[in-house]
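Enquirer: What follows is a single structure, and I will ask about it in a moment.
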Amino acid sequence: MGGRHLLAIDQGTTSTRAILFGEDGSPRFEARRELRQIYPAQGWVEHDGEEIWTATLEVAREVLGASGISAREVAAIGITNQRETTCVWERRTGRLLHHAIVWQDRRTAETCARLRAAGAEAMVAAKTGLLIDPYFSGTKLAWILDHVPEARHLAARGELAFGTIDSFLLWRLTGGRVHATDATNAARTLLFDINTQKWDQGLLDLIDVPANVLPEVRDCAGDFGETEPGLFGAAIAIRGIAGDQQSAAIGQACFAPGSIKATYGTGCFVLVNTGDAPIASHHRLLSTVALRQAGRPSFALEGSIFVAGAAVQWLRDGLRLFKGAAETEALARAARPDSAVYMVPAFTGLGAPHWNPDARGAILGLTRDTGIAEIVRATLEAIAFQTRDLIEAIGNDLAEQGRPRPASLRVDGGMVVNDWAMQFLADMLGIPVERPKVTETTALGAAFLAGLGAGIYKSTDDLARTWALDRRFEPRMSAPERADRWAGWQQAVARVVSRP
Ligand SMILES: Nc1ncnc2c1ncn2[C@@H]1O[C@H](COP(=O)(O)OP(=O)(O)O)[C@@H](O)[C@H]1O
Ligand SMILES: O=P(O)(O)OC[C@H](O)CO
């Protein structure tokens, strides 16, 4: 196999993957390990950081072994990761103080409510582009410092390091030599000012986090050091890092202002590029760093839905309605056309634009002839309705800035192989939905960044040229039917949203 290769490590919520890409952007070899989900209490979600580290080594070694490519033939590694998930370790030994607290974990809801009640929201939003929500890393980090015996004491002596998963893996891969992260991950901590691109002392004081635990924040493409030679047989350069949703936007070549993508994995995340200045959302979206190169950030508006593919998983594993997710397509096609079942998958509350942590899921509109097919169809539809919620909010924010509303949507992630779901999505949004040939866009983004950092690619234009369309889904539903179904969804959501 000739040419240079790029190795993407994609550490996601449910699995750890390594994909070896050719420099033309084609995926060549892939290895994956499922990740154990740990639920110690209601609303708590943890991962074992040691399991993540072991899986990372295994999948990277597996793809190298399967490809016959030696470490010396890999031009660079790119890391992309589930964002916000929080690790704290001892600098001297590398020992983790606690399981990683996962982005979905709600244990710091009370802390967040207290910070909101104290009137911190406007300041936090202006600096970070985020809302005060347990979703982000800052309060999770403070929780570990407060609940692990001696942690505050060790931190005061400079012995602890904090990192999101990228940072933790970087530390381990470089043998404890590099404690760094990239601007997209830093932007999800509640501790980083996206305007100044620096950690912010006011935010650190507010959340009670000491500055000496924080990693250095670097550009997404650049020098993150080299792997310990013993790990893969020779040192490999690490030249790219980005949070997984930003990485997917890169893999989808969303570099121009207005370009937009939705990634359908466990959750769904829609990011629209807003150019070189952050937009303050008036519709409860997040404003976040899309990419930083040569010290210059570009920004995105983001809408986050916590449950997308996870709802399909629940039908499969919780209700045992079918054996494989792929069966949902035929089931949805077979559903009675006149069924008016609505499913609201608010298992962990509702994310954007509702941000209602207390909402819970519901299936509404059941009749005696409702069967598995109708419930499956309602679940796939719910994912499209939720996307429409986000696209409307994004469109409103853009329109208020005098910018055009989204005219099409690029999609990726595990769910987008489902043609029925993609057609319904186009029908509900009323704009075309574009599925690329490579749907592993998250890993592709990390490989792109590594290639940029290693000098294989000159600019993002090189990346944009490799994006190729697989299929475009045009909206076919009539306007009255679309309006009718949308109204039904809104009524269903109103039933599950708790009002203070
Ligand atoms: N054909 C399908 N139809 C609907 N959902 C699917 C299909 N195939 C996979 N999924 C869903 O996609 C998700 C997997 O996507 P993936 O991108 O691998 O997730 P993540 O990166 O969050 O781990 C699972 O939740 C699964 O239920
Ligand atoms: O690992 P994923 O694909 O579920 O993505 C998780 C997000 O980064 C959370 O913000």
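Labels for the structure tokens follow display order: chains A, B, ..., residues from 1 in each chain, ligands from 1.
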Would you mind listing the residues within 6 Å of ligand 2, counting only C-alpha atoms and all ligand atoms, as a PDB file with N, CA and C atoms, in the first residue's frame?

Expert:
ATOM      1  N   GLY A  12     -15.349   7.891  21.180  1.00  0.00           N
ATOM      2  CA  GLY A  12     -16.741   8.345  21.308  1.00  0.00           C
ATOM      3  C   GLY A  12     -17.409   7.865  22.587  1.00  0.00           C
ATOM      4  N   THR A  13     -18.667   8.218  22.744  1.00  0.00           N
ATOM      5  CA  THR A  13     -19.400   7.872  23.964  1.00  0.00           C
ATOM      6  C   THR A  13     -19.595   6.364  24.091  1.00  0.00           C
ATOM      7  N   GLN A  82     -15.342  12.301  22.356  1.00  0.00           N
ATOM      8  CA  GLN A  82     -16.567  12.749  23.012  1.00  0.00           C
ATOM      9  C   GLN A  82     -16.164  13.992  23.827  1.00  0.00           C
ATOM     10  N   ARG A  83     -16.931  15.047  23.707  1.00  0.00           N
ATOM     11  CA  ARG A  83     -16.513  16.293  24.347  1.00  0.00           C
ATOM     12  C   ARG A  83     -17.028  16.361  25.793  1.00  0.00           C
ATOM     13  N   TRP A 103     -20.297  13.430  29.608  1.00  0.00           N
ATOM     14  CA  TRP A 103     -21.072  14.633  29.240  1.00  0.00           C
ATOM     15  C   TRP A 103     -22.531  14.527  29.605  1.00  0.00           C
ATOM     16  N   ASP A 244     -15.394  15.835  18.896  1.00  0.00           N
ATOM     17  CA  ASP A 244     -15.933  15.023  17.794  1.00  0.00           C
ATOM     18  C   ASP A 244     -16.938  15.755  16.906  1.00  0.00           C
ATOM     19  N   GLN A 245     -17.724  16.653  17.473  1.00  0.00           N
ATOM     20  CA  GLN A 245     -18.715  17.341  16.625  1.00  0.00           C
ATOM     21  C   GLN A 245     -18.054  18.363  15.710  1.00  0.00           C
ATOM     22  N   GLY A 265     -25.464  10.181  15.996  1.00  0.00           N
ATOM     23  CA  GLY A 265     -24.909   9.029  16.714  1.00  0.00           C
ATOM     24  C   GLY A 265     -25.807   8.768  17.908  1.00  0.00           C
ATOM     25  N   THR A 266     -25.220   8.647  19.083  1.00  0.00           N
ATOM     26  CA  THR A 266     -25.983   8.500  20.320  1.00  0.00           C
ATOM     27  C   THR A 266     -26.962   9.667  20.444  1.00  0.00           C
ATOM     28  N   GLY A 267     -26.419  10.867  20.329  1.00  0.00           N
ATOM     29  CA  GLY A 267     -27.227  12.088  20.291  1.00  0.00           C
ATOM     30  C   GLY A 267     -27.183  12.656  18.881  1.00  0.00           C
TER      31      GLY A 267
END

Enquirer: Show which residues sit within 9 Å of A:Glu381, as a PDB file with N, CA and C atoms, in the first residue's frame. Count only C-alpha atoms, and ignore same-chain residues fewer than 2 positions away.

Expert:
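Output file result-v1.pdb follows:
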ATOM      1  N   TYR A 342     -46.846   9.780  18.517  1.00  0.00           N
ATOM      2  CA  TYR A 342     -45.667  10.632  18.708  1.00  0.00           C
ATOM      3  C   TYR A 342     -44.847  10.076  19.854  1.00  0.00           C
ATOM      4  N   MET A 343     -43.537  10.041  19.640  1.00  0.00           N
ATOM      5  CA  MET A 343     -42.619   9.554  20.674  1.00  0.00           C
ATOM      6  C   MET A 343     -41.682  10.712  21.021  1.00  0.00           C
ATOM      7  N   VAL A 376     -41.814   2.351  16.071  1.00  0.00           N
ATOM      8  CA  VAL A 376     -40.510   2.558  15.423  1.00  0.00           C
ATOM      9  C   VAL A 376     -40.568   3.800  14.530  1.00  0.00           C
ATOM     10  N   ARG A 377     -41.633   3.910  13.750  1.00  0.00           N
ATOM     11  CA  ARG A 377     -41.733   5.066  12.853  1.00  0.00           C
ATOM     12  C   ARG A 377     -41.756   6.361  13.666  1.00  0.00           C
ATOM     13  N   ALA A 378     -42.527   6.365  14.757  1.00  0.00           N
ATOM     14  CA  ALA A 378     -42.604   7.576  15.586  1.00  0.00           C
ATOM     15  C   ALA A 378     -41.232   7.938  16.157  1.00  0.00           C
ATOM     16  N   THR A 379     -40.421   6.938  16.447  1.00  0.00           N
ATOM     17  CA  THR A 379     -39.089   7.195  17.015  1.00  0.00           C
ATOM     18  C   THR A 379     -38.171   7.821  15.968  1.00  0.00           C
ATOM     19  N   ILE A 383     -36.660  12.058  15.758  1.00  0.00           N
ATOM     20  CA  ILE A 383     -35.299  12.559  15.529  1.00  0.00           C
ATOM     21  C   ILE A 383     -35.343  13.679  14.479  1.00  0.00           C
ATOM     22  N   ALA A 384     -36.201  13.514  13.493  1.00  0.00           N
ATOM     23  CA  ALA A 384     -36.365  14.574  12.484  1.00  0.00           C
ATOM     24  C   ALA A 384     -37.056  15.807  13.080  1.00  0.00           C
ATOM     25  N   PHE A 385     -38.083  15.579  13.904  1.00  0.00           N
ATOM     26  CA  PHE A 385     -38.766  16.731  14.528  1.00  0.00           C
ATOM     27  C   PHE A 385     -37.795  17.532  15.391  1.00  0.00           C
ATOM     28  N   GLN A 386     -36.969  16.801  16.153  1.00  0.00           N
ATOM     29  CA  GLN A 386     -36.011  17.495  17.022  1.00  0.00           C
ATOM     30  C   GLN A 386     -34.997  18.270  16.181  1.00  0.00           C
ATOM     31  N   ALA A 421     -35.417   7.295   7.253  1.00  0.00           N
ATOM     32  CA  ALA A 421     -35.250   8.387   8.224  1.00  0.00           C
ATOM     33  C   ALA A 421     -34.722   9.648   7.530  1.00  0.00           C
ATOM     34  N   PHE A 424     -37.576  11.279   5.550  1.00  0.00           N
ATOM     35  CA  PHE A 424     -38.508  11.979   6.444  1.00  0.00           C
ATOM     36  C   PHE A 424     -37.870  13.264   6.974  1.00  0.00           C
ATOM     37  N   LEU A 425     -36.563  13.208   7.216  1.00  0.00           N
ATOM     38  CA  LEU A 425     -35.858  14.408   7.685  1.00  0.00           C
ATOM     39  C   LEU A 425     -35.969  15.527   6.643  1.00  0.00           C
ATOM     40  N   MET A 428     -39.467  16.886   6.618  1.00  0.00           N
ATOM     41  CA  MET A 428     -39.838  17.708   7.779  1.00  0.00           C
ATOM     42  C   MET A 428     -39.114  19.039   7.774  1.00  0.00           C
TER      43      MET A 428
END

Enquirer: Take atom CA of A:Ala362 and atom CA of A:Ala332 and report the distance between them in Å, one decimal.

Expert: 18.7 Å

Enquirer: Between A:Thr80, A:Thr466, A:Thr328, A:Gln423, which has the minimum distance to ligand 1 (counting only C-alpha atoms and all ligand atoms)?

Expert: A:Thr328

Enquirer: Using only C-alpha atoms and all ligand atoms, what are the residues with an atom within 9 Å of ligand 1, set out as a ChimeraX atom specification?

Expert: /A:10-16,34,82,244,263-268,307-316,324-329,380,412-421,439-440,442

Enquirer: Let's have the selection written as a compact mmCIF listing (two decimals), in the first residue's frame, with C-alpha atoms.

Expert:
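Result written to again38.txt:
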# COMPACT_ATOMS: atom_id res chain seq x y z
CA ASP A 10 -12.06 8.55 17.56
CA GLN A 11 -12.93 8.11 21.22
CA GLY A 12 -16.74 8.34 21.31
CA THR A 13 -19.40 7.87 23.96
CA THR A 14 -20.21 4.29 23.09
CA SER A 15 -17.04 3.13 21.38
CA THR A 16 -13.37 3.74 20.74
CA GLU A 34 -17.41 -0.96 22.67
CA GLN A 82 -16.57 12.75 23.01
CA ASP A 244 -15.93 15.02 17.79
CA THR A 263 -24.29 14.15 13.12
CA TYR A 264 -26.61 11.31 14.18
CA GLY A 265 -24.91 9.03 16.71
CA THR A 266 -25.98 8.50 20.32
CA GLY A 267 -27.23 12.09 20.29
CA CYS A 268 -27.54 14.56 17.42
CA VAL A 307 -30.96 11.28 22.42
CA ALA A 308 -31.05 10.29 18.72
CA GLY A 309 -29.61 6.84 17.92
CA ALA A 310 -29.91 6.08 21.65
CA ALA A 311 -33.71 6.00 21.18
CA VAL A 312 -33.29 3.31 18.51
CA GLN A 313 -31.01 1.44 20.91
CA TRP A 314 -33.67 1.67 23.60
CA LEU A 315 -36.31 0.17 21.29
CA ARG A 316 -33.86 -2.64 20.53
CA GLY A 324 -30.79 -4.90 14.74
CA ALA A 325 -31.07 -1.12 14.20
CA ALA A 326 -31.10 -1.74 10.43
CA GLU A 327 -34.57 -3.36 10.76
CA THR A 328 -36.09 0.01 11.68
CA GLU A 329 -36.13 1.08 8.05
CA LEU A 380 -37.38 7.88 13.69
CA ASP A 412 -23.41 11.88 8.96
CA GLY A 413 -23.12 9.37 11.82
CA GLY A 414 -24.40 5.82 12.35
CA MET A 415 -28.09 6.56 11.69
CA VAL A 416 -27.80 8.13 8.26
CA VAL A 417 -27.65 4.79 6.45
CA ASN A 418 -31.39 4.71 7.13
CA ASP A 419 -32.93 6.01 3.87
CA TRP A 420 -36.44 6.22 5.32
CA ALA A 421 -35.25 8.39 8.22
CA THR A 439 -20.06 8.90 6.68
CA GLU A 440 -17.20 8.37 9.19
CA THR A 442 -15.71 12.46 12.67

Enquirer: Quote the spacing between atom CA of A:Phe448 and atom CA of A:Ala31 in Å to one decimal place.

Expert: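 Pair atom CA of A:Phe448 / atom CA of A:Ala31 returns 18.7 Å.
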
Enquirer: For A:Glu159, which of A:Trp89, A:Trp171, A:Phe473, A:Tyr135 is the closest residue, counting only C-alpha atoms?

Expert: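 Under the stated criterion, the closest residue is A:Trp89.
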
Enquirer: List as a ChimeraX atom specification the protein and nucleic acid residues near A:Leu20, meaning an atom at most 12 Å away when only C-alpha atoms are counted, but skip any in the same chain fewer than 4 places from it.

Expert: /A:1,4-10,24-31,59-71,73-78,440,443-444,446-448,450

Enquirer: What's the 10 Å shell around A:Asn356, counting only C-alpha atoms, without same-chain residues fewer than 2 positions away, as a list in words?

Expert: Ala346, Thr348, Gly349, Leu350, Gly351, Ala352, Pro353, His354, Asp358, Ala359, Arg360, Val496, Val497, Ser498 and Arg499 of chain A

Enquirer: Using backbone DSSP assignments, extract all alpha helix (DSSP H) residues from stretch 18-123 of chain A; output them as a PyMOL selection string.

Expert: chain A and resi 49-67+109-117+121-123

Enquirer: With distances taken over only C-alpha atoms, which of A:Asp397, A:Asp462, A:Asp223, A:Asp338 is nearest to A:Gly251?

Expert: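 Smallest distance to A:Gly251 is found for A:Asp462.
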